[in-house]
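Trainee: Below is a structure I'd like to ask you about.
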Amino acid sequence: LQQFSLVSESESNEAIKNLVEDGYGVSLLPEFMVRKDIDLGTLAEIHLKEGNPIQTFYLTYRKQDPPSVMVKELITFLSQYPIGKSVAA
C-alpha cells in the first residue's frame, strides 16, 4: 500500500468507479459503495497484506456560522479520544 501514490482525485465516487472499471487504475472506496459492483463482477477486491487500512474522518462545519450546541458537544466528545483510538458506541 505504501508504494501507491495519488495520481487523480475526484469528488464523484461514480466517476472514480467508472475510471477503475475502464482500466485507469485502482481506488480505495468504502465497501458499501462497491459491494454491488464486486458482486456483479465489474470490480474486484484487493486484499492488502498490510491488513485493513485505517480511515481518517474529519468533522467539519461551515466556517461562517458558529457551531451549534450539538456540534460543540460532538467536538468535545470526540476530543476525548486520541488519534488512532477507536470510539466504541
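In the C-alpha cells, the first chain shown is A, the next is B, and so on; residue numbers restart at 1 for each chain, and ligands run from 1 in the order shown.
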Quick one: residues within 12 Å of Glu14 of chain A, only C-alpha atoms counted, chain neighbours fewer than 6 positions away excluded, as a CSV table (one decimal) with N, CA and C atoms, in the first residue's frame?

Mentor:
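So the final result, stored in part_11.csv, reads:
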```
chain,number,residue,atom,x,y,z
A,20,VAL,N,-12.0,3.2,-12.7
A,20,VAL,CA,-11.4,1.9,-12.4
A,20,VAL,C,-12.0,0.8,-13.3
A,21,GLU,N,-13.3,0.8,-13.6
A,21,GLU,CA,-13.9,-0.2,-14.5
A,21,GLU,C,-13.3,-0.1,-15.9
A,27,SER,N,-8.5,2.1,-6.8
A,27,SER,CA,-9.0,3.1,-5.8
A,27,SER,C,-9.4,2.4,-4.5
A,29,LEU,N,-12.2,2.6,-1.9
A,29,LEU,CA,-13.6,3.1,-1.7
A,29,LEU,C,-14.3,2.3,-0.6
A,33,MET,N,-20.1,1.1,-1.0
A,33,MET,CA,-20.2,1.8,-2.3
A,33,MET,C,-19.9,0.9,-3.5
A,34,VAL,N,-19.1,-0.2,-3.3
A,34,VAL,CA,-18.7,-1.0,-4.4
A,34,VAL,C,-19.2,-2.5,-4.2
A,37,ASP,N,-21.0,-3.8,-7.2
A,37,ASP,CA,-20.1,-3.9,-8.4
A,37,ASP,C,-19.2,-5.1,-8.2
```

Trainee: Would you mind listing what lies within 10 Å of Asn18 of chain A as an MDAnalysis selection string, with only C-alpha atoms counted and same-chain residues fewer than 6 positions away left out?

Mentor: chainID A and resid 12 24 42:43

Trainee: What is the atom CA of Tyr81 of chain A to atom CA of Ile54 of chain A distance in Å?

Mentor: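 Going from atom CA of Tyr81 of chain A over to atom CA of Ile54 of chain A, I get 15.5 Å.
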
Trainee: Could you tell me how far atom CA of Pro66 of chain A sits from atom CA of Leu78 of chain A, in Å to one decimal place?

Mentor: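 It comes out at 18.1 Å.
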
Trainee: Atom CA of Glu11 of chain A to atom CA of Glu50 of chain A: how many Å, to one decimal?

Mentor: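 According to the coordinates, atom CA of Glu11 of chain A and atom CA of Glu50 of chain A are separated by 26.8 Å.
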
Trainee: I need the residues of segment 28-84 of chain A that end up classed as helix (DSSP H, G or I) by DSSP on the backbone, written out as a list in words.

Mentor: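 Output for segment 28-84 of chain A, helix (DSSP H, G or I) only: Glu31, Phe32, Met33, Val34, Arg35, Lys36, Asp37, Ile38, Asp39, Leu40, Val69, Met70, Val71, Lys72, Glu73, Leu74, Ile75, Thr76, Phe77, Leu78 and Ser79 of chain A.
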
Trainee: Selected residues, C-alpha atoms, written as a compact mmCIF listing (two decimals), in the first residue's frame, please.

Mentor:
```txt
# COMPACT_ATOMS: atom_id res chain seq x y z
CA GLU A 31 -17.32 -1.38 0.79
CA PHE A 32 -20.96 -0.23 0.78
CA MET A 33 -20.18 1.83 -2.31
CA VAL A 34 -18.72 -1.03 -4.36
CA ARG A 35 -20.31 -4.21 -2.93
CA LYS A 36 -22.86 -4.43 -5.78
CA ASP A 37 -20.13 -3.90 -8.39
CA ILE A 38 -17.98 -6.60 -6.78
CA ASP A 39 -20.95 -9.00 -6.67
CA LEU A 40 -21.67 -8.25 -10.37
CA VAL A 69 -24.58 23.32 20.71
CA MET A 70 -24.91 19.78 19.34
CA VAL A 71 -21.80 20.18 17.18
CA LYS A 72 -19.86 21.61 20.14
CA GLU A 73 -20.89 18.60 22.24
CA LEU A 74 -19.79 16.23 19.48
CA ILE A 75 -16.43 18.00 19.21
CA THR A 76 -15.99 17.75 22.99
CA PHE A 77 -16.90 14.05 22.93
CA LEU A 78 -14.57 13.19 20.05
CA SER A 79 -11.73 15.27 21.53
```

Trainee: Which residues are near Gly25 of chain A? Cut-off 10 Å, only C-alpha atoms, ignore same chain within fewer than 5 positions. Put them as a short mmCIF file (atom, residue, chain, number, x, y, z; two decimals) with all heavy atoms, in the first residue's frame.

Mentor:
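Writing done, so here's part01.cif:
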```cif
data_model
loop_
_atom_site.label_atom_id
_atom_site.label_comp_id
_atom_site.auth_asym_id
_atom_site.auth_seq_id
_atom_site.Cartn_x
_atom_site.Cartn_y
_atom_site.Cartn_z
N VAL A 7 -2.71 9.82 -8.14
CA VAL A 7 -2.48 10.40 -9.47
C VAL A 7 -3.71 11.12 -9.99
O VAL A 7 -3.62 11.83 -10.98
CB VAL A 7 -2.03 9.34 -10.48
CG1 VAL A 7 -0.67 8.78 -10.11
CG2 VAL A 7 -3.04 8.22 -10.61
N SER A 8 -4.84 10.93 -9.34
CA SER A 8 -6.06 11.60 -9.76
C SER A 8 -6.98 11.73 -8.56
O SER A 8 -6.92 10.93 -7.64
CB SER A 8 -6.76 10.78 -10.85
OG SER A 8 -7.94 11.42 -11.26
N ILE A 16 -15.05 7.84 -10.13
CA ILE A 16 -13.90 7.02 -9.71
C ILE A 16 -14.15 5.56 -10.08
O ILE A 16 -13.28 4.90 -10.65
CB ILE A 16 -13.65 7.17 -8.20
CG1 ILE A 16 -13.18 8.59 -7.88
CG2 ILE A 16 -12.63 6.14 -7.71
CD1 ILE A 16 -13.16 8.92 -6.40
N LYS A 17 -15.34 5.06 -9.76
CA LYS A 17 -15.66 3.67 -10.10
C LYS A 17 -15.58 3.45 -11.60
O LYS A 17 -15.05 2.44 -12.06
CB LYS A 17 -17.05 3.29 -9.57
CG LYS A 17 -17.08 3.14 -8.08
CD LYS A 17 -18.40 2.75 -7.45
CE LYS A 17 -19.58 2.55 -8.29
NZ LYS A 17 -20.80 2.17 -7.54
N LEU A 19 -13.74 5.08 -13.80
CA LEU A 19 -12.33 5.07 -14.22
C LEU A 19 -11.67 3.73 -13.91
O LEU A 19 -10.92 3.19 -14.73
CB LEU A 19 -11.57 6.21 -13.54
CG LEU A 19 -11.87 7.61 -14.05
CD1 LEU A 19 -11.30 8.67 -13.11
CD2 LEU A 19 -11.32 7.79 -15.46
N VAL A 20 -11.96 3.18 -12.73
CA VAL A 20 -11.40 1.87 -12.38
C VAL A 20 -11.95 0.80 -13.31
O VAL A 20 -11.19 -0.03 -13.83
CB VAL A 20 -11.69 1.54 -10.90
CG1 VAL A 20 -11.27 0.11 -10.58
CG2 VAL A 20 -10.96 2.52 -9.97
#
```
